[in-house]
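Okay, protein13.txt is below, compact mmCIF, C-alpha atoms:
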# COMPACT_ATOMS: atom_id res chain seq x y z
CA MET E 14 0.00 0.00 0.00
CA GLU E 15 1.17 3.54 -0.73
CA SER E 16 2.26 5.67 2.19
CA LEU E 17 3.93 8.99 2.94
CA THR E 18 7.35 7.37 2.62
CA THR E 19 6.64 5.23 -0.46
CA LYS E 20 9.42 5.88 -2.97
CA ILE E 21 9.40 6.26 -6.73
CA ALA E 22 12.43 5.31 -8.82
CA LEU E 23 14.28 8.11 -10.60
CA ASN E 24 15.91 7.61 -13.98
CA ASN E 25 19.40 7.37 -12.44
CA GLY E 26 18.60 4.49 -10.10
CA ASN E 27 17.97 6.56 -6.98
CA SER E 28 14.50 7.01 -5.52
CA ILE E 29 12.35 9.80 -4.10
CA PRO E 30 9.43 9.80 -1.64
CA MET E 31 6.20 10.26 -3.57
CA PHE E 32 4.98 13.09 -1.32
CA GLY E 33 6.96 16.11 -0.15
CA TYR E 34 6.86 19.19 2.04
CA GLY E 35 7.38 22.58 0.37
CA THR E 36 8.87 25.60 2.16
CA TYR E 37 8.26 28.49 -0.26
CA LYS E 38 7.49 31.83 1.45
CA ILE E 39 8.42 30.51 4.89
CA LYS E 40 11.16 33.08 5.48
CA ASP E 41 10.82 33.66 9.22
CA PRO E 42 13.67 31.64 10.82
CA SER E 43 11.65 30.16 13.66
CA GLU E 44 8.64 29.43 11.46
CA ALA E 45 10.78 27.69 8.82
CA TYR E 46 12.58 25.66 11.48
CA ASN E 47 9.44 24.69 13.40
CA SER E 48 7.33 23.83 10.36
CA VAL E 49 9.96 21.50 8.93
CA LYS E 50 10.31 19.83 12.35
CA LEU E 51 6.51 19.38 12.43
CA ALA E 52 6.49 17.83 8.97
CA LEU E 53 9.27 15.43 9.90
CA LYS E 54 7.63 14.57 13.22
CA ASN E 55 4.47 13.65 11.33
CA GLY E 56 6.18 11.30 8.92
CA TYR E 57 7.31 13.44 5.99
CA ARG E 58 10.69 12.39 4.63
CA HIS E 59 10.94 14.67 1.60
CA ILE E 60 11.76 18.34 2.20
CA ASP E 61 12.00 20.92 -0.60
CA THR E 62 13.78 24.28 -0.28
CA ALA E 63 15.68 26.70 -2.55
CA ALA E 64 18.20 29.51 -2.36
CA PHE E 65 15.44 31.89 -3.47
CA TYR E 66 13.33 30.94 -0.45
CA GLU E 67 15.97 32.42 1.89
CA ASN E 68 15.43 29.62 4.38
CA GLU E 69 17.95 26.93 3.45
CA LYS E 70 19.85 27.32 6.72
CA TYR E 71 16.77 27.02 8.93
CA VAL E 72 15.38 24.10 6.95
CA ALA E 73 18.71 22.29 7.23
CA ASN E 74 18.97 23.00 10.96
CA ALA E 75 15.52 21.53 11.51
CA ILE E 76 16.46 18.40 9.60
CA LYS E 77 19.72 17.95 11.48
CA ASP E 78 18.12 18.52 14.89
CA PHE E 79 15.30 16.10 14.08
CA MET E 80 17.85 13.49 13.03
CA ALA E 81 19.80 13.92 16.26
CA GLU E 82 16.71 13.83 18.46
CA THR E 83 15.15 10.77 16.81
CA HIS E 84 18.28 8.91 15.72
CA THR E 85 17.09 9.10 12.12
CA ASN E 86 19.71 8.43 9.46
CA ARG E 87 20.41 11.11 6.86
CA GLU E 88 19.64 8.57 4.12
CA GLU E 89 16.03 8.44 5.31
CA ILE E 90 15.37 12.12 4.52
CA PHE E 91 15.27 13.38 0.95
CA VAL E 92 16.47 16.99 0.68
CA THR E 93 16.14 19.28 -2.36
CA SER E 94 17.45 22.77 -3.08
CA LYS E 95 17.72 24.90 -6.22
CA VAL E 96 19.87 27.43 -8.05
CA TRP E 97 17.99 30.69 -8.77
CA LYS E 98 17.60 32.20 -12.24
CA THR E 99 19.98 35.10 -11.52
CA GLU E 100 22.79 32.55 -11.12
CA LEU E 101 22.46 30.73 -14.45
CA GLY E 102 25.55 29.89 -16.50
CA TYR E 103 28.47 27.60 -15.80
CA ASP E 104 30.52 29.59 -13.27
CA LYS E 105 27.57 31.18 -11.47
CA THR E 106 25.82 27.82 -11.04
CA LEU E 107 28.91 26.25 -9.51
CA ALA E 108 29.29 29.21 -7.14
CA ALA E 109 25.59 29.11 -6.21
CA PHE E 110 25.86 25.45 -5.31
CA GLU E 111 28.82 26.11 -3.03
CA LYS E 112 26.84 28.86 -1.31
CA THR E 113 23.89 26.53 -0.78
CA MET E 114 26.13 23.83 0.68
CA LYS E 115 27.71 26.36 3.02
CA GLU E 116 24.25 27.53 4.13
CA MET E 117 22.93 24.04 4.68
CA GLN E 118 26.11 22.47 6.10
CA MET E 119 25.27 19.06 4.64
CA ASP E 120 27.61 16.53 3.09
CA TYR E 121 25.27 16.04 0.15
CA LEU E 122 21.85 16.89 -1.28
CA ASP E 123 19.49 14.30 -2.66
CA LEU E 124 18.33 16.58 -5.47
CA TYR E 125 19.56 19.88 -6.87
CA LEU E 126 17.43 21.75 -9.41
CA VAL E 127 17.76 24.63 -11.85
CA HIS E 128 14.94 26.76 -10.43
CA TRP E 129 13.98 28.61 -13.64
CA PRO E 130 15.26 28.22 -17.21
CA ALA E 131 16.91 30.86 -19.29
CA SER E 132 14.28 32.08 -21.76
CA TYR E 133 14.10 33.98 -25.03
CA ALA E 134 12.11 36.60 -23.10
CA PHE E 135 15.19 37.88 -21.27
CA ASP E 136 18.27 36.18 -22.76
CA GLU E 137 19.07 36.24 -26.47
CA ASN E 138 21.51 33.37 -25.86
CA TRP E 139 19.02 31.42 -23.73
CA LYS E 140 19.71 28.05 -25.31
CA ASP E 141 23.43 28.29 -24.66
CA THR E 142 22.82 29.62 -21.14
CA ASN E 143 20.71 26.57 -20.35
CA ARG E 144 23.38 24.27 -21.75
CA GLN E 145 26.16 25.97 -19.78
CA THR E 146 24.05 25.81 -16.64
CA TRP E 147 23.37 22.14 -17.20
CA LYS E 148 27.05 21.49 -17.84
CA ALA E 149 27.73 22.83 -14.35
CA MET E 150 24.89 20.74 -12.92
CA MET E 151 26.38 17.61 -14.46
CA GLU E 152 29.74 18.45 -12.93
CA ILE E 153 28.12 18.85 -9.52
CA TYR E 154 26.34 15.52 -9.98
CA LYS E 155 29.54 13.72 -10.96
CA SER E 156 31.25 15.09 -7.84
CA GLY E 157 28.93 12.92 -5.74
CA ARG E 158 27.69 15.85 -3.65
CA VAL E 159 24.18 15.47 -5.05
CA LYS E 160 22.38 12.19 -5.67
CA ALA E 161 20.34 13.54 -8.59
CA ILE E 162 19.95 16.70 -10.65
CA GLY E 163 16.93 18.16 -12.33
CA VAL E 164 15.10 21.29 -13.37
CA SER E 165 12.11 23.36 -12.34
CA ASN E 166 9.71 25.38 -14.48
CA PHE E 167 11.21 23.97 -17.69
CA LEU E 168 8.63 23.64 -20.45
CA THR E 169 9.18 21.40 -23.45
CA HIS E 170 11.19 23.95 -25.45
CA HIS E 171 13.47 24.59 -22.47
CA LEU E 172 13.97 20.86 -21.92
CA ASP E 173 14.83 20.50 -25.62
CA THR E 174 17.92 22.67 -25.08
CA ILE E 175 19.53 20.13 -22.71
CA ILE E 176 17.87 16.79 -23.38
CA ASP E 177 20.69 15.60 -25.68
CA MET E 178 23.39 16.17 -23.06
CA GLU E 179 25.12 13.37 -21.17
CA VAL E 180 22.81 13.39 -18.12
CA ILE E 181 19.11 14.04 -18.58
CA PRO E 182 17.16 15.65 -15.73
CA ALA E 183 15.79 13.25 -13.13
CA VAL E 184 12.99 15.67 -12.18
CA ASP E 185 11.06 18.64 -13.55
CA GLN E 186 9.26 20.56 -10.81
CA ILE E 187 6.48 22.65 -12.36
CA GLU E 188 3.29 24.35 -11.25
CA ILE E 189 0.41 21.90 -11.30
CA ASN E 190 -3.04 22.31 -9.81
CA PRO E 191 -6.64 21.71 -10.94
CA GLY E 192 -7.14 23.55 -14.22
CA PHE E 193 -3.41 23.72 -14.79
CA LEU E 194 -2.15 20.20 -15.44
CA GLN E 195 0.41 21.40 -18.05
CA LYS E 196 -0.27 18.20 -19.98
CA ASP E 197 2.21 18.90 -22.80
CA THR E 198 5.12 19.17 -20.38
CA VAL E 199 3.90 16.26 -18.23
CA ASP E 200 3.59 14.03 -21.31
CA TYR E 201 7.04 15.10 -22.54
CA CYS E 202 8.57 14.26 -19.16
CA LYS E 203 6.90 10.86 -19.01
CA GLU E 204 8.19 10.09 -22.51
CA LYS E 205 11.74 11.01 -21.42
CA ASP E 206 11.47 9.25 -18.01
CA ILE E 207 11.65 12.55 -16.09
CA LEU E 208 9.64 12.57 -12.86
CA VAL E 209 7.24 15.50 -12.47
CA GLU E 210 6.84 17.31 -9.15
CA ALA E 211 4.06 19.81 -8.45
CA TRP E 212 4.66 23.18 -6.83
CA SER E 213 1.59 25.11 -5.71
CA PRO E 214 -0.33 21.83 -5.86
CA LEU E 215 -3.37 23.40 -4.15
CA GLY E 216 -3.54 26.38 -6.48
CA ARG E 217 -2.48 28.95 -3.85
CA GLY E 218 -5.51 27.90 -1.85
CA LYS E 219 -7.94 29.24 -4.44
CA SER E 220 -8.68 25.74 -5.73
CA LEU E 221 -10.05 24.82 -2.33
CA ALA E 222 -13.23 26.77 -3.15
CA HIS E 223 -13.91 25.16 -6.54
CA PRO E 224 -17.51 23.82 -6.66
CA LEU E 225 -16.61 20.54 -8.40
CA LEU E 226 -13.81 19.83 -5.94
CA GLU E 227 -16.08 20.66 -3.02
CA ALA E 228 -18.63 18.19 -4.38
CA LEU E 229 -15.99 15.48 -4.75
CA ALA E 230 -14.76 16.14 -1.22
CA ALA E 231 -18.29 15.54 0.06
CA LYS E 232 -18.62 12.40 -2.07
CA TYR E 233 -15.42 10.83 -0.73
CA GLY E 234 -15.69 12.20 2.80
CA ARG E 235 -12.42 14.08 2.39
CA THR E 236 -11.16 17.65 2.37
CA VAL E 237 -10.79 19.46 -0.95
CA ALA E 238 -7.02 19.56 -0.40
CA GLN E 239 -6.95 15.78 -0.05
CA ILE E 240 -8.94 15.36 -3.28
CA ILE E 241 -6.48 17.58 -5.16
CA LEU E 242 -3.37 15.91 -3.77
CA ARG E 243 -4.78 12.47 -4.50
CA TRP E 244 -5.53 13.56 -8.09
CA GLU E 245 -1.89 14.56 -8.52
CA ILE E 246 -0.58 11.32 -7.02
CA GLN E 247 -2.78 9.28 -9.37
CA HIS E 248 -1.20 11.21 -12.25
CA ASP E 249 2.20 9.95 -10.97
CA ILE E 250 3.07 13.51 -9.96
CA VAL E 251 4.84 14.19 -6.65
CA PRO E 252 3.01 17.01 -4.81
CA LEU E 253 4.83 19.46 -2.54
CA PRO E 254 2.13 21.06 -0.37
CA LYS E 255 3.12 23.72 2.17
CA SER E 256 1.53 24.61 5.47
CA VAL E 257 2.85 25.85 8.80
CA ASN E 258 -0.24 24.52 10.60
CA GLU E 259 0.31 21.07 12.13
CA ASN E 260 -3.27 19.93 11.60
CA ARG E 261 -3.06 20.78 7.89
CA ILE E 262 0.40 19.20 7.61
CA ILE E 263 -1.12 15.97 8.92
CA GLU E 264 -4.33 16.33 6.90
CA ASN E 265 -2.50 16.95 3.62
CA ALA E 266 -0.62 13.67 3.94
CA ASN E 267 -3.72 11.60 4.71
CA VAL E 268 -4.32 10.64 1.08
CA PHE E 269 -3.15 7.04 0.85
CA ASP E 270 -6.25 5.14 1.94
CA PHE E 271 -8.61 6.08 -0.88
CA GLU E 272 -8.60 6.36 -4.66
CA LEU E 273 -10.43 8.60 -7.10
CA SER E 274 -12.41 6.90 -9.85
CA ASP E 275 -11.35 7.28 -13.47
CA GLU E 276 -14.47 9.36 -14.08
CA ASP E 277 -13.66 11.74 -11.24
CA MET E 278 -10.03 11.98 -12.34
CA SER E 279 -11.22 13.03 -15.81
CA SER E 280 -13.64 15.57 -14.39
CA ILE E 281 -10.81 17.24 -12.46
CA ASP E 282 -8.62 17.11 -15.58
CA ASP E 283 -11.29 19.08 -17.43
CA ILE E 284 -11.47 21.97 -14.95
CA GLU E 285 -10.75 25.32 -16.60
CA PRO E 286 -7.77 27.35 -15.29
CA TYR E 287 -8.74 28.41 -11.80
CA GLY E 288 -6.04 28.70 -9.16
CA ASN E 289 -2.78 28.88 -11.12
CA SER E 290 -0.32 31.67 -10.40
CA GLY E 291 0.00 33.08 -13.92
CA HIS E 292 3.79 32.97 -13.67
CA SER E 293 5.57 31.79 -16.80
CA PRO E 294 9.25 30.99 -17.39
CA ASP E 295 8.88 32.87 -20.67
CA GLN E 296 8.10 36.18 -18.97
CA PRO E 297 10.92 38.62 -18.16

Taking this structure as input, can you express it in the form of structure tokens?
Amino acid sequence: MESLTTKIALNNGNSIPMFGYGTYKIKDPSEAYNSVKLALKNGYRHIDTAAFYENEKYVANAIKDFMAETHTNREEIFVTSKVWKTELGYDKTLAAFEKTMKEMQMDYLDLYLVHWPASYAFDENWKDTNRQTWKAMMEIYKSGRVKAIGVSNFLTHHLDTIIDMEVIPAVDQIEINPGFLQKDTVDYCKEKDILVEAWSPLGRGKSLAHPLLEALAAKYGRTVAQIILRWEIQHDIVPLPKSVNENRIIENANVFDFELSDEDMSSIDDIEPYGNSGHSPDQP
């Protein structure tokens, strides 16, 4: 049976827990630290941060303190961080990684991502920038200081700029929520054996008020958030919900003892854009 710690194989032979905890916009040091501790205490073993979130240090401290207090091995916790779009290119990416490792004081990361691609909207040499960035990512990967490398917010045309290189991304973390499945990119990733992760999986909270989702929640005796997260899991997408409230942290993860019907999955697929952020990697 699936559970919070069930792992999915990545294309390089490593594996990743199928459900994660996101930390975007949790900048307050004590809040970042405490929320990650709460997630870990309640069974989460997949923690996602980024240099842009300005909380890498506090997230890492929470993980290390939890490990010490519970005698949990580092190998049991999957940790992700990311290089921000202002640090793209070969030299900048290498330097950004060193800064992240200094902040987090860890021997290795499980996953390191390119947070946003270079795009034609702001870089006339965007294809080469992506390739130079990925060259640095491959070097980091070969050093053994990360177990896997991937990308975030890469659409199909961004992925095309690096897909022929020696190491293909293990993960593409993109915005996915009801009404915004990004099917073209999801299908591309499945074809290339790239795992898809979902940021903003609950549509910034707006999706929680969608009438269809409310009806399905009543039908299954679940919360709307649980319906959405289950929908993503059944699409083989790893959701990364965020909350600093312990009850919601627990509630979000309680999605492994029921299954949505094919008909209900299709009805959610057909929702019109509703709670997506509107952010695009092809905007300046």

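Nearest to Pro30 (chain E) of all the residues E:Asn260, E:Thr18, E:Asn143, E:Thr198 is E:Thr18, based on all atoms listed in the file.
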
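Proximity ranking of E:Glu210, E:Ala73, E:Leu172, E:Pro252 relative to Lys115 (chain E) places E:Ala73 first, based on only C-alpha atoms.
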
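The interatomic distance for the pair CA of Val257 (chain E) and CA of Ser48 (chain E) works out to 5.2 Å.
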
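Put simply, CA of Thr169 (chain E) is 17.4 Å away from CA of Asp136 (chain E).
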
Computed interatomic separation between CA of Gly102 (chain E) and CA of Cys202 (chain E) (Å): 23.2 Å

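Each of E:Lys77, E:Lys20, E:Lys203, E:Lys40 was checked against Ala63 (chain E) using all atoms listed in the file; the smallest atom-to-atom distance is that of E:Lys40.
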
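All protein and nucleic acid residues in the vicinity of (16.8, 18.2, -25.1), that is within 12 Å when counting all atoms listed in the file, are Lys140, Asn143, Arg144, Trp147, Phe167, Leu168, Thr169, His170, His171, Leu172, Asp173, Thr174, Ile175, Ile176, Asp177, Met178, Glu179, Val180, Ile181, Pro182, Tyr201, Cys202, Lys205 and Ile207 of chain E.
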
Non-local contacts of Gln186 (chain E) (6 Å; all atoms listed in the file; under 4 positions in same chain excluded) as an MDAnalysis selection string: chainID E and resid 165 209:211

Nearest to Thr99 (chain E), chosen from E:Arg87, E:Glu82, E:Thr142, E:Lys196, with only C-alpha atoms counted in the distances: E:Thr142

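For the choices E:Glu89, E:Asp295, E:Asp123, E:Glu272, the atom-to-atom distance to Gly234 (chain E) is smallest for E:Glu272 when using all atoms listed in the file.
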
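Shortest separation to Ser132 (chain E) among E:Ala81, E:Leu101, E:Val159, E:Leu226 occurs at residue E:Leu101, atoms counted being only C-alpha atoms.
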
Selection near Ile189 (chain E), 7 Å with only C-alpha atoms, sequence-local residues under 4 positions removed, as number ranges by chain: E: 193-195, 211-214

Residues within 12 Å of Lys50 (chain E), only C-alpha atoms, excluding chain neighbours under 2 positions, as a PyMOL selection string: chain E and resi 34+36+43-48+52-60+71-83+257-259+262

Test item: which residues lie within 9 Å of (-9.3, 29.7, -17.7) counting all atoms listed in the file, as a ChimeraX atom specification: /E:192-193,284-287

Close residues, Tyr233 (chain E) itself excluded, 10 Å, all atoms listed in the file, min 6 positions apart in chain, as an NGL selection string: :E and (239-240 or 271-273)
